[in-house]
$ cat start_17.csv   # CSV, C-alpha atoms
chain,number,residue,atom,x,y,z
A,1,CYS,CA,131.1,87.8,91.0
A,2,PRO,CA,134.3,87.2,89.0
A,3,LEU,CA,132.9,89.1,86.0
A,4,VAL,CA,132.3,92.3,88.1
A,5,LYS,CA,135.9,91.9,89.4
A,6,LYS,CA,137.0,91.8,85.7
A,7,ALA,CA,135.3,95.2,85.2
A,8,HIS,CA,137.0,96.5,88.3
A,9,ASN,CA,140.4,95.3,87.2
A,10,ALA,CA,139.9,96.8,83.7
A,11,LEU,CA,139.1,100.2,85.2
A,12,ALA,CA,142.2,99.9,87.5
A,13,ARG,CA,144.4,99.2,84.5
A,14,LEU,CA,143.0,102.2,82.6
A,15,VAL,CA,143.6,104.5,85.6
A,16,LEU,CA,147.2,103.2,86.0
A,17,SER,CA,147.7,104.1,82.3
A,18,ASP,CA,146.6,107.7,83.0
A,19,TYR,CA,143.2,107.4,81.5
A,20,HIS,CA,140.4,109.4,83.2
A,21,PRO,CA,137.8,106.7,84.3
A,22,VAL,CA,134.4,106.7,82.8
A,23,VAL,CA,131.8,104.1,83.8
A,24,ILE,CA,128.7,103.4,81.7
A,25,GLY,CA,126.0,102.4,84.2
A,26,LYS,CA,123.5,103.4,86.9
A,27,ALA,CA,125.2,105.6,89.4
A,28,ASP,CA,123.3,104.1,92.4
A,29,HIS,CA,123.8,100.5,91.4
A,30,VAL,CA,126.0,98.5,93.8
A,31,GLU,CA,128.4,97.5,91.1
A,32,VAL,CA,129.0,101.0,89.9
A,33,LEU,CA,129.2,102.2,93.5
A,34,GLY,CA,132.0,99.7,94.0
A,35,LEU,CA,133.9,101.1,91.0
A,36,THR,CA,133.4,104.7,91.9
A,37,GLY,CA,134.3,103.9,95.6
A,38,ASP,CA,137.8,102.9,94.5
A,39,PHE,CA,138.0,105.5,91.8
A,40,PRO,CA,136.0,108.5,93.1
A,41,GLU,CA,137.2,110.7,90.2
A,42,ALA,CA,135.3,108.5,87.8
A,43,ASP,CA,132.5,110.0,85.7
A,44,VAL,CA,129.3,107.8,85.5
A,45,VAL,CA,127.1,108.1,82.4
A,46,LEU,CA,124.0,106.4,81.3
A,47,SER,CA,122.7,108.7,78.6
A,48,GLU,CA,124.0,111.0,75.9
A,49,ALA,CA,122.9,114.0,78.1
A,50,ASP,CA,125.3,112.7,80.8
A,51,ILE,CA,128.1,112.7,78.2
A,52,ASP,CA,127.3,116.2,77.2
A,53,LEU,CA,128.0,117.3,80.8
A,54,LEU,CA,131.5,115.9,80.8
A,55,VAL,CA,134.6,118.0,80.5
A,56,PRO,CA,137.3,117.2,77.9
A,57,ARG,CA,140.2,115.0,79.0
A,58,ALA,CA,143.3,114.0,77.0
A,59,LYS,CA,142.6,110.3,77.7
A,60,MET,CA,139.4,108.6,78.8
A,61,GLY,CA,139.2,105.0,79.8
A,62,VAL,CA,135.7,103.5,79.5
A,63,VAL,CA,134.2,100.4,81.1
A,64,SER,CA,130.6,99.4,81.6
A,65,GLN,CA,128.5,98.0,84.3
A,66,THR,CA,128.4,94.3,83.5
A,67,THR,CA,124.6,94.2,82.9
A,68,GLN,CA,124.1,97.1,80.6
A,69,PRO,CA,122.6,96.5,77.1
A,70,THR,CA,125.4,96.1,74.6
A,71,ALA,CA,123.6,98.4,72.1
A,72,LEU,CA,123.4,101.2,74.6
A,73,VAL,CA,127.0,100.8,75.6
A,74,ALA,CA,128.1,101.0,72.0
A,75,GLN,CA,125.9,104.0,71.4
A,76,LEU,CA,127.4,105.8,74.4
A,77,VAL,CA,131.0,105.0,73.4
A,78,ASP,CA,130.3,106.3,70.0
A,79,ARG,CA,128.9,109.5,71.5
A,80,LEU,CA,132.0,109.9,73.7
A,81,ARG,CA,134.2,109.7,70.6
A,82,ALA,CA,132.1,112.1,68.7
A,83,ARG,CA,131.9,114.6,71.6
A,84,PHE,CA,135.6,114.5,72.3
A,85,PRO,CA,137.4,113.9,68.9
A,86,ASP,CA,140.7,115.2,70.3
A,87,SER,CA,140.7,112.8,73.2
A,88,GLU,CA,142.1,109.3,73.2
A,89,ILE,CA,139.2,107.1,74.2
A,90,LYS,CA,140.0,103.5,75.2
A,91,PHE,CA,137.0,101.2,75.7
A,92,ILE,CA,137.2,97.9,77.4
A,93,ASP,CA,134.1,95.8,76.9
A,94,THR,CA,133.1,94.6,80.4
A,95,VAL,CA,129.5,93.6,79.7
A,96,CYS,CA,129.5,90.0,80.9
A,97,GLN,CA,128.9,87.1,78.4
A,98,PRO,CA,125.8,85.8,80.2
A,99,THR,CA,124.2,89.2,79.8
A,100,LYS,CA,125.1,89.3,76.1
A,101,ASP,CA,123.8,85.8,75.6
A,102,ARG,CA,120.5,86.7,77.3
A,103,GLN,CA,120.1,89.8,75.3
A,104,SER,CA,120.7,88.0,72.1
A,105,ALA,CA,118.3,85.2,73.0
A,106,LEU,CA,115.7,87.8,74.0
A,107,ARG,CA,115.9,89.4,70.6
A,108,ASP,CA,115.0,86.0,69.0
A,109,LEU,CA,112.3,85.4,71.6
A,110,CYS,CA,110.6,88.8,71.0
A,111,CYS,CA,110.1,87.8,67.3
A,112,GLN,CA,108.0,84.8,68.5
A,113,VAL,CA,105.9,86.0,71.4
A,114,GLU,CA,103.3,88.7,72.3
A,115,VAL,CA,104.3,89.0,76.0
A,116,VAL,CA,107.6,88.5,77.8
A,117,ILE,CA,107.8,87.6,81.5
A,118,ALA,CA,111.2,88.5,82.9
A,119,VAL,CA,112.0,86.7,86.2
A,120,GLY,CA,114.2,88.4,88.7
A,121,GLY,CA,114.5,90.6,91.7
A,122,THR,CA,113.2,94.1,92.0
A,123,ASN,CA,116.8,95.4,92.4
A,124,SER,CA,118.2,93.4,89.4
A,125,ASN,CA,119.4,95.8,86.8
A,126,ASN,CA,119.8,92.9,84.4
A,127,THR,CA,116.1,91.9,84.8
A,128,HIS,CA,115.0,95.5,84.3
A,129,GLN,CA,117.1,95.7,81.1
A,130,LEU,CA,115.4,92.6,79.8
A,131,VAL,CA,112.0,94.2,80.3
A,132,LYS,CA,113.1,97.4,78.6
A,133,THR,CA,114.7,95.5,75.7
A,134,SER,CA,111.5,93.5,75.1
A,135,GLN,CA,109.5,96.7,75.1
A,136,SER,CA,111.9,98.3,72.7
A,137,PHE,CA,111.0,95.5,70.3
A,138,GLY,CA,107.3,96.3,70.7
A,139,VAL,CA,106.6,93.4,73.0
A,140,ARG,CA,104.7,93.9,76.3
A,141,ALA,CA,107.0,92.8,79.1
A,142,TYR,CA,106.6,92.4,82.8
A,143,ARG,CA,109.1,91.7,85.7
A,144,VAL,CA,108.1,89.1,88.3
A,145,GLY,CA,110.0,87.9,91.3
A,146,THR,CA,107.9,84.8,91.7
A,147,ALA,CA,104.9,83.1,90.1
A,148,ALA,CA,102.7,84.9,92.7
A,149,ASP,CA,103.4,88.2,90.9
A,150,LEU,CA,101.8,87.0,87.6
A,151,ARG,CA,98.6,88.9,86.8
A,152,ASP,CA,95.7,87.5,84.7
A,153,GLU,CA,95.1,90.8,82.9
A,154,TRP,CA,98.6,90.6,81.3
A,155,PHE,CA,97.5,87.6,79.3
A,156,ASP,CA,94.0,88.7,78.0
A,157,GLY,CA,93.8,87.9,74.3
A,158,VAL,CA,97.5,86.6,74.3
A,159,GLU,CA,98.4,83.4,72.6
A,160,THR,CA,102.2,83.3,73.0
A,161,VAL,CA,104.2,84.1,76.1
A,162,GLY,CA,108.0,83.9,76.5
A,163,VAL,CA,110.0,83.7,79.7
A,164,THR,CA,113.5,85.1,80.4
A,165,ALA,CA,115.4,85.7,83.6
A,166,GLY,CA,118.1,87.8,85.1
A,167,THR,CA,121.5,86.3,85.3
A,168,SER,CA,121.3,85.8,89.1
A,169,THR,CA,117.8,84.4,89.2
A,170,LEU,CA,117.6,80.9,90.6
A,171,HIS,CA,116.6,78.1,88.2
A,172,GLU,CA,113.9,77.0,90.6
A,173,THR,CA,112.3,80.4,90.5
A,174,VAL,CA,112.2,80.4,86.7
A,175,GLN,CA,110.8,76.9,86.7
A,176,GLU,CA,108.1,77.9,89.1
A,177,VAL,CA,107.0,80.8,86.9
A,178,TYR,CA,107.2,78.6,83.8
A,179,GLU,CA,105.0,75.9,85.4
A,180,ALA,CA,102.5,78.6,86.6
A,181,LEU,CA,102.2,79.8,83.0
A,182,GLN,CA,101.7,76.3,81.7
A,183,LEU,CA,99.0,75.7,84.3
A,184,ARG,CA,97.2,78.9,83.1
A,185,GLU,CA,97.4,77.7,79.6
A,186,GLU,CA,96.0,74.3,80.5
A,187,GLU,CA,93.1,75.9,82.5
A,188,LEU,CA,92.2,78.1,79.5
A,189,ALA,CA,92.2,75.1,77.1
A,190,CYS,CA,89.8,73.3,79.4
A,191,ALA,CA,87.5,76.3,79.8
$ encode --input "start_17.csv" --output "C-alpha coordinates"
Amino acid sequence: CPLVKKAHNALARLVLSDYHPVVIGKADHVEVLGLTGDFPEADVVLSEADIDLLVPRAKMGVVSQTTQPTALVAQLVDRLRARFPDSEIKFIDTVCQPTKDRQSALRDLCCQVEVVIAVGGTNSNNTHQLVKTSQSFGVRAYRVGTAADLRDEWFDGVETVGVTAGTSTLHETVQEVYEALQLREEELACA
(Lines of atoms letter the chains of each structure in order from A and count residues from 1; the text may use other names and numbers.)
(Lines give C-alpha, C1' and ligand atoms only; values in the text may rest on other atoms or scores of the structure.)
Protein backbone atom coordinates (compact mmCIF):
# COMPACT_ATOMS: atom_id res chain seq x y z
CA CYS A 1 0.00 0.00 0.00
CA PRO A 2 1.48 3.37 -0.97
CA LEU A 3 0.07 4.98 2.19
CA VAL A 4 1.91 2.46 4.40
CA LYS A 5 5.06 3.17 2.39
CA LYS A 6 4.53 6.87 3.16
CA ALA A 7 4.53 6.09 6.90
CA HIS A 8 7.68 4.01 6.49
CA ASN A 9 9.42 6.81 4.57
CA ALA A 10 8.35 9.36 7.19
CA LEU A 11 9.88 7.27 9.96
CA ALA A 12 13.07 6.78 7.93
CA ARG A 13 13.40 10.58 7.48
CA LEU A 14 12.97 11.10 11.22
CA VAL A 15 15.61 8.49 12.05
CA LEU A 16 18.01 10.06 9.52
CA SER A 17 17.49 13.39 11.32
CA ASP A 18 18.53 11.79 14.63
CA TYR A 19 15.03 11.43 16.11
CA HIS A 20 14.39 8.36 18.23
CA PRO A 21 11.54 6.50 16.45
CA VAL A 22 8.17 6.15 18.16
CA VAL A 23 5.29 4.36 16.44
CA ILE A 24 1.69 4.70 17.59
CA GLY A 25 0.02 1.40 16.80
CA LYS A 26 -0.53 -2.24 17.64
CA ALA A 27 2.85 -3.90 18.18
CA ASP A 28 1.76 -7.15 16.55
CA HIS A 29 0.11 -5.56 13.48
CA VAL A 30 1.85 -6.38 10.19
CA GLU A 31 2.29 -2.69 9.34
CA VAL A 32 3.93 -1.91 12.68
CA LEU A 33 6.06 -5.04 12.43
CA GLY A 34 7.30 -3.73 9.08
CA LEU A 35 8.29 -0.41 10.67
CA THR A 36 9.98 -1.96 13.68
CA GLY A 37 11.66 -4.57 11.50
CA ASP A 38 13.58 -1.82 9.74
CA PHE A 39 13.91 0.30 12.88
CA PRO A 40 14.21 -2.21 15.76
CA GLU A 41 15.11 0.57 18.21
CA ALA A 42 11.61 2.03 17.76
CA ASP A 43 9.25 2.24 20.71
CA VAL A 44 5.67 1.17 19.97
CA VAL A 45 2.88 2.76 22.02
CA LEU A 46 -0.88 2.39 21.99
CA SER A 47 -1.83 3.85 25.36
CA GLU A 48 -0.80 6.49 27.85
CA ALA A 49 0.49 3.65 30.07
CA ASP A 50 2.86 2.66 27.25
CA ILE A 51 4.15 6.23 27.09
CA ASP A 52 4.73 6.24 30.83
CA LEU A 53 7.20 3.36 30.33
CA LEU A 54 9.37 5.25 27.82
CA VAL A 55 12.72 6.72 28.74
CA PRO A 56 13.51 10.38 27.98
CA ARG A 57 15.22 11.14 24.67
CA ALA A 58 16.51 14.47 23.38
CA LYS A 59 14.53 14.06 20.14
CA MET A 60 11.56 11.81 19.42
CA GLY A 61 10.09 11.30 15.97
CA VAL A 62 6.52 10.01 15.95
CA VAL A 63 4.46 8.34 13.23
CA SER A 64 1.28 6.32 13.43
CA GLN A 65 -0.01 3.09 12.04
CA THR A 66 -2.12 4.30 9.11
CA THR A 67 -5.42 2.93 10.49
CA GLN A 68 -5.34 4.34 14.03
CA PRO A 69 -8.16 6.65 15.16
CA THR A 70 -7.07 10.26 14.72
CA ALA A 71 -8.37 11.25 18.15
CA LEU A 72 -6.27 8.56 19.83
CA VAL A 73 -3.17 9.56 17.87
CA ALA A 74 -3.61 13.21 18.87
CA GLN A 75 -4.16 12.23 22.52
CA LEU A 76 -0.99 10.12 22.58
CA VAL A 77 1.14 12.80 20.89
CA ASP A 78 -0.12 15.30 23.48
CA ARG A 79 0.76 12.83 26.25
CA LEU A 80 4.27 12.39 24.84
CA ARG A 81 4.77 16.15 24.84
CA ALA A 82 3.45 16.47 28.39
CA ARG A 83 5.52 13.54 29.67
CA PHE A 84 8.73 14.77 28.00
CA PRO A 85 8.60 18.59 28.04
CA ASP A 86 12.37 18.86 27.56
CA SER A 87 12.39 16.62 24.49
CA GLU A 88 11.94 17.80 20.93
CA ILE A 89 8.94 15.83 19.68
CA LYS A 90 8.29 15.84 15.95
CA PHE A 91 5.05 14.23 14.79
CA ILE A 92 4.33 13.35 11.18
CA ASP A 93 0.66 12.51 10.63
CA THR A 94 0.62 9.20 8.76
CA VAL A 95 -3.01 8.18 9.36
CA CYS A 96 -4.23 7.64 5.82
CA GLN A 97 -6.92 9.87 4.33
CA PRO A 98 -9.35 7.01 3.60
CA THR A 99 -9.18 6.08 7.30
CA LYS A 100 -9.80 9.69 8.31
CA ASP A 101 -12.71 9.95 5.87
CA ARG A 102 -14.29 6.75 7.19
CA GLN A 103 -13.90 7.89 10.80
CA SER A 104 -15.53 11.24 10.00
CA ALA A 105 -18.41 9.62 8.09
CA LEU A 106 -18.86 7.15 10.93
CA ARG A 107 -19.30 9.97 13.46
CA ASP A 108 -22.12 11.35 11.32
CA LEU A 109 -23.64 7.89 10.84
CA CYS A 110 -23.64 7.19 14.58
CA CYS A 111 -25.91 10.19 15.12
CA GLN A 112 -28.53 8.59 12.87
CA VAL A 113 -28.57 4.87 13.72
CA GLU A 114 -29.02 2.44 16.60
CA VAL A 115 -26.68 -0.29 15.31
CA VAL A 116 -23.60 -0.16 13.08
CA ILE A 117 -22.40 -3.11 11.04
CA ALA A 118 -18.70 -2.82 10.17
CA VAL A 119 -17.74 -5.03 7.25
CA GLY A 120 -14.17 -6.29 7.17
CA GLY A 121 -11.79 -9.11 7.92
CA THR A 122 -11.06 -10.44 11.37
CA ASN A 123 -7.48 -9.16 11.10
CA SER A 124 -8.45 -5.69 9.87
CA ASN A 125 -7.38 -3.14 12.47
CA ASN A 126 -9.28 -0.48 10.56
CA THR A 127 -12.53 -2.45 10.83
CA HIS A 128 -12.01 -3.12 14.53
CA GLN A 129 -11.39 0.61 15.07
CA LEU A 130 -14.68 1.40 13.31
CA VAL A 131 -16.49 -0.90 15.76
CA LYS A 132 -14.73 0.66 18.76
CA THR A 133 -15.43 4.19 17.51
CA SER A 134 -19.12 3.39 17.05
CA GLN A 135 -19.29 1.97 20.55
CA SER A 136 -17.56 5.07 21.93
CA PHE A 137 -20.52 7.06 20.57
CA GLY A 138 -22.92 4.78 22.43
CA VAL A 139 -24.00 2.84 19.35
CA ARG A 140 -24.01 -0.95 19.33
CA ALA A 141 -21.62 -2.16 16.65
CA TYR A 142 -20.67 -5.52 15.21
CA ARG A 143 -17.98 -6.65 12.79
CA VAL A 144 -18.91 -9.07 10.03
CA GLY A 145 -16.78 -10.60 7.32
CA THR A 146 -19.77 -11.50 5.13
CA ALA A 147 -23.56 -11.39 5.22
CA ALA A 148 -23.53 -14.90 6.70
CA ASP A 149 -22.10 -13.41 9.93
CA LEU A 150 -25.20 -11.27 10.60
CA ARG A 151 -27.21 -12.37 13.66
CA ASP A 152 -30.95 -11.79 14.10
CA GLU A 153 -30.59 -10.92 17.79
CA TRP A 154 -28.51 -7.85 16.93
CA PHE A 155 -31.57 -6.23 15.39
CA ASP A 156 -34.31 -6.98 17.94
CA GLY A 157 -36.23 -3.75 18.49
CA VAL A 158 -33.91 -1.82 16.18
CA GLU A 159 -35.28 0.54 13.55
CA THR A 160 -32.13 2.05 12.06
CA VAL A 161 -28.94 0.25 11.02
CA GLY A 162 -25.86 1.75 9.41
CA VAL A 163 -23.16 0.02 7.41
CA THR A 164 -19.49 0.95 7.21
CA ALA A 165 -16.44 -0.96 6.06
CA GLY A 166 -12.71 -1.24 6.50
CA THR A 167 -10.60 0.42 3.83
CA SER A 168 -9.55 -2.86 2.22
CA THR A 169 -13.00 -4.48 2.21
CA LEU A 170 -14.24 -5.34 -1.27
CA HIS A 171 -17.21 -3.32 -2.53
CA GLU A 172 -18.96 -6.59 -3.44
CA THR A 173 -18.75 -7.79 0.15
CA VAL A 174 -20.20 -4.55 1.49
CA GLN A 175 -22.98 -4.70 -1.11
CA GLU A 176 -23.79 -8.30 -0.09
CA VAL A 177 -24.15 -7.25 3.56
CA TYR A 178 -26.24 -4.21 2.62
CA GLU A 179 -28.58 -6.32 0.49
CA ALA A 180 -28.94 -8.91 3.28
CA LEU A 181 -29.93 -6.13 5.68
CA GLN A 182 -32.44 -4.76 3.17
CA LEU A 183 -33.92 -8.23 2.75
CA ARG A 184 -34.32 -8.54 6.54
CA GLU A 185 -36.11 -5.19 6.59
CA GLU A 186 -38.46 -6.24 3.80
CA GLU A 187 -39.24 -9.55 5.53
CA LEU A 188 -40.06 -7.72 8.77
CA ALA A 189 -42.32 -5.27 6.93
CA CYS A 190 -44.28 -8.16 5.44
CA ALA A 191 -44.59 -10.07 8.71
$ atom_distance --input "start_17.csv" --atom1 "atom CA of Ile117 of chain A" --atom2 "atom CA of Val144 of chain A"
7.0 Å
$ residues_around --input "start_17.csv" --residues "segment 31-45 of chain A" --least-positions-apart "6" --cutoff "10 Å" --atoms "only C-alpha atoms" --output "PyMOL selection string"
chain A and resi 4-5+7-9+11-12+15+20-25+51-55+60-67+73+76
$ atom_distance --input "start_17.csv" --atom1 "atom CA of Ala118 of chain A" --atom2 "atom CA of Gln97 of chain A"
18.3 Å
$ atom_distance --input "start_17.csv" --atom1 "atom CA of Thr167 of chain A" --atom2 "atom CA of Pro98 of chain A"
6.7 Å
$ closest_residue --input "start_17.csv" --among "A:Arg151, A:Phe137, A:Thr94, A:Ala58" --to "Lys6 of chain A" --atoms "only C-alpha atoms"
A:Thr94
$ closest_residue --input "start_17.csv" --among "A:Thr70, A:Thr164, A:Thr146, A:Asn125" --to "Ala180 of chain A" --atoms "all atoms listed in the file"
A:Thr146
$ closest_residue --input "start_17.csv" --among "A:Glu88, A:Arg83, A:Val115, A:Asp93" --to "Glu153 of chain A" --atoms "all atoms listed in the file"
A:Val115
$ residues_around --input "start_17.csv" --residues "Trp154 of chain A" --least-positions-apart "6" --cutoff "12 Å" --atoms "all atoms listed in the file" --output "list of chain:residue names"
A:Glu114, A:Val115, A:Val116, A:Ile117, A:Val139, A:Arg140, A:Ala141, A:Tyr142, A:Arg143, A:Val144, A:Thr160, A:Val161, A:Leu181, A:Arg184
$ residues_around --input "start_17.csv" --residues "Val119 of chain A" --least-positions-apart "4" --cutoff "10 Å" --atoms "all atoms listed in the file" --output "count of residues only"
26
$ closest_residue --input "start_17.csv" --among "A:Asp50, A:Leu14, A:Phe84, A:Thr133" --to "Ala71 of chain A" --atoms "only C-alpha atoms"
A:Thr133
$ residues_around --input "start_17.csv" --residues "Pro69 of chain A" --least-positions-apart "3" --cutoff "8 Å" --atoms "only C-alpha atoms" --output "number ranges by chain"
A: 72-73, 95, 99-100, 103, 129
$ closest_residue --input "start_17.csv" --among "A:Leu46, A:Ala10, A:Leu16, A:Ala74" --to "Asp28 of chain A" --atoms "all atoms listed in the file"
A:Leu46
$ closest_residue --input "start_17.csv" --among "A:His29, A:Ser17, A:Glu172, A:Gly162" --to "Leu106 of chain A" --atoms "only C-alpha atoms"
A:Gly162
$ decode --input "start_17.csv" --residues "segment 32-44 of chain A" --atoms "all heavy atoms" --output "PDB file, in the first residue's frame"
ATOM      1  N   VAL A  32       3.010  -2.332  11.625  1.00  0.00           N
ATOM      2  CA  VAL A  32       3.926  -1.911  12.682  1.00  0.00           C
ATOM      3  C   VAL A  32       5.148  -2.827  12.709  1.00  0.00           C
ATOM      4  O   VAL A  32       6.276  -2.357  12.893  1.00  0.00           O
ATOM      5  CB  VAL A  32       3.208  -1.861  14.047  1.00  0.00           C
ATOM      6  CG1 VAL A  32       4.181  -1.551  15.167  1.00  0.00           C
ATOM      7  CG2 VAL A  32       2.082  -0.818  14.005  1.00  0.00           C
ATOM      8  N   LEU A  33       4.939  -4.111  12.489  1.00  0.00           N
ATOM      9  CA  LEU A  33       6.064  -5.039  12.431  1.00  0.00           C
ATOM     10  C   LEU A  33       7.017  -4.670  11.293  1.00  0.00           C
ATOM     11  O   LEU A  33       8.233  -4.804  11.427  1.00  0.00           O
ATOM     12  CB  LEU A  33       5.572  -6.482  12.269  1.00  0.00           C
ATOM     13  CG  LEU A  33       4.859  -7.067  13.483  1.00  0.00           C
ATOM     14  CD1 LEU A  33       4.226  -8.412  13.127  1.00  0.00           C
ATOM     15  CD2 LEU A  33       5.806  -7.196  14.663  1.00  0.00           C
ATOM     16  N   GLY A  34       6.460  -4.177  10.191  1.00  0.00           N
ATOM     17  CA  GLY A  34       7.302  -3.728   9.083  1.00  0.00           C
ATOM     18  C   GLY A  34       8.147  -2.526   9.478  1.00  0.00           C
ATOM     19  O   GLY A  34       9.325  -2.431   9.131  1.00  0.00           O
ATOM     20  N   LEU A  35       7.556  -1.601  10.213  1.00  0.00           N
ATOM     21  CA  LEU A  35       8.290  -0.413  10.666  1.00  0.00           C
ATOM     22  C   LEU A  35       9.373  -0.796  11.669  1.00  0.00           C
ATOM     23  O   LEU A  35      10.519  -0.353  11.551  1.00  0.00           O
ATOM     24  CB  LEU A  35       7.330   0.592  11.294  1.00  0.00           C
ATOM     25  CG  LEU A  35       6.373   1.301  10.341  1.00  0.00           C
ATOM     26  CD1 LEU A  35       5.300   2.043  11.126  1.00  0.00           C
ATOM     27  CD2 LEU A  35       7.127   2.257   9.438  1.00  0.00           C
ATOM     28  N   THR A  36       9.002  -1.605  12.639  1.00  0.00           N
ATOM     29  CA  THR A  36       9.976  -1.958  13.676  1.00  0.00           C
ATOM     30  C   THR A  36      11.005  -2.959  13.163  1.00  0.00           C
ATOM     31  O   THR A  36      12.092  -3.058  13.728  1.00  0.00           O
ATOM     32  CB  THR A  36       9.272  -2.509  14.931  1.00  0.00           C
ATOM     33  OG1 THR A  36       8.489  -3.651  14.583  1.00  0.00           O
ATOM     34  CG2 THR A  36       8.390  -1.451  15.568  1.00  0.00           C
ATOM     35  N   GLY A  37      10.670  -3.667  12.097  1.00  0.00           N
ATOM     36  CA  GLY A  37      11.656  -4.568  11.501  1.00  0.00           C
ATOM     37  C   GLY A  37      12.818  -3.800  10.909  1.00  0.00           C
ATOM     38  O   GLY A  37      13.973  -4.215  11.004  1.00  0.00           O
ATOM     39  N   ASP A  38      12.529  -2.662  10.308  1.00  0.00           N
ATOM     40  CA  ASP A  38      13.580  -1.818   9.741  1.00  0.00           C
ATOM     41  C   ASP A  38      14.188  -0.878  10.778  1.00  0.00           C
ATOM     42  O   ASP A  38      15.310  -0.398  10.589  1.00  0.00           O
ATOM     43  CB  ASP A  38      13.019  -1.000   8.569  1.00  0.00           C
ATOM     44  CG  ASP A  38      12.788  -1.866   7.341  1.00  0.00           C
ATOM     45  OD1 ASP A  38      13.386  -2.955   7.255  1.00  0.00           O
ATOM     46  OD2 ASP A  38      11.996  -1.458   6.476  1.00  0.00           O
ATOM     47  N   PHE A  39      13.431  -0.596  11.833  1.00  0.00           N
ATOM     48  CA  PHE A  39      13.910   0.297  12.883  1.00  0.00           C
ATOM     49  C   PHE A  39      13.676  -0.381  14.239  1.00  0.00           C
ATOM     50  O   PHE A  39      12.782   0.009  14.999  1.00  0.00           O
ATOM     51  CB  PHE A  39      13.195   1.655  12.806  1.00  0.00           C
ATOM     52  CG  PHE A  39      13.330   2.304  11.469  1.00  0.00           C
ATOM     53  CD1 PHE A  39      12.284   2.268  10.545  1.00  0.00           C
ATOM     54  CD2 PHE A  39      14.517   2.922  11.097  1.00  0.00           C
ATOM     55  CE1 PHE A  39      12.420   2.847   9.300  1.00  0.00           C
ATOM     56  CE2 PHE A  39      14.654   3.494   9.850  1.00  0.00           C
ATOM     57  CZ  PHE A  39      13.607   3.458   8.940  1.00  0.00           C
ATOM     58  N   PRO A  40      14.464  -1.417  14.547  1.00  0.00           N
ATOM     59  CA  PRO A  40      14.214  -2.210  15.761  1.00  0.00           C
ATOM     60  C   PRO A  40      14.353  -1.414  17.063  1.00  0.00           C
ATOM     61  O   PRO A  40      13.853  -1.848  18.101  1.00  0.00           O
ATOM     62  CB  PRO A  40      15.255  -3.331  15.681  1.00  0.00           C
ATOM     63  CG  PRO A  40      16.284  -2.869  14.710  1.00  0.00           C
ATOM     64  CD  PRO A  40      15.614  -1.896  13.786  1.00  0.00           C
ATOM     65  N   GLU A  41      14.987  -0.260  16.999  1.00  0.00           N
ATOM     66  CA  GLU A  41      15.109   0.566  18.207  1.00  0.00           C
ATOM     67  C   GLU A  41      13.826   1.341  18.513  1.00  0.00           C
ATOM     68  O   GLU A  41      13.699   1.987  19.559  1.00  0.00           O
ATOM     69  CB  GLU A  41      16.287   1.541  18.068  1.00  0.00           C
ATOM     70  CG  GLU A  41      16.076   2.669  17.072  1.00  0.00           C
ATOM     71  CD  GLU A  41      16.347   2.314  15.593  1.00  0.00           C
ATOM     72  OE1 GLU A  41      16.416   1.125  15.247  1.00  0.00           O
ATOM     73  OE2 GLU A  41      16.469   3.247  14.794  1.00  0.00           O
ATOM     74  N   ALA A  42      12.856   1.268  17.605  1.00  0.00           N
ATOM     75  CA  ALA A  42      11.607   2.030  17.761  1.00  0.00           C
ATOM     76  C   ALA A  42      10.825   1.566  18.985  1.00  0.00           C
ATOM     77  O   ALA A  42      10.782   0.381  19.314  1.00  0.00           O
ATOM     78  CB  ALA A  42      10.747   1.887  16.513  1.00  0.00           C
ATOM     79  N   ASP A  43      10.205   2.533  19.647  1.00  0.00           N
ATOM     80  CA  ASP A  43       9.250   2.242  20.707  1.00  0.00           C
ATOM     81  C   ASP A  43       7.859   2.237  20.080  1.00  0.00           C
ATOM     82  O   ASP A  43       7.538   3.107  19.262  1.00  0.00           O
ATOM     83  CB  ASP A  43       9.304   3.316  21.800  1.00  0.00           C
ATOM     84  CG  ASP A  43      10.571   3.216  22.633  1.00  0.00           C
ATOM     85  OD1 ASP A  43      10.906   2.095  23.076  1.00  0.00           O
ATOM     86  OD2 ASP A  43      11.231   4.258  22.840  1.00  0.00           O
ATOM     87  N   VAL A  44       7.042   1.268  20.465  1.00  0.00           N
ATOM     88  CA  VAL A  44       5.668   1.173  19.973  1.00  0.00           C
ATOM     89  C   VAL A  44       4.745   1.457  21.145  1.00  0.00           C
ATOM     90  O   VAL A  44       4.880   0.843  22.208  1.00  0.00           O
ATOM     91  CB  VAL A  44       5.381  -0.217  19.371  1.00  0.00           C
ATOM     92  CG1 VAL A  44       3.934  -0.301  18.890  1.00  0.00           C
ATOM     93  CG2 VAL A  44       6.345  -0.517  18.223  1.00  0.00           C
TER      94      VAL A  44
END
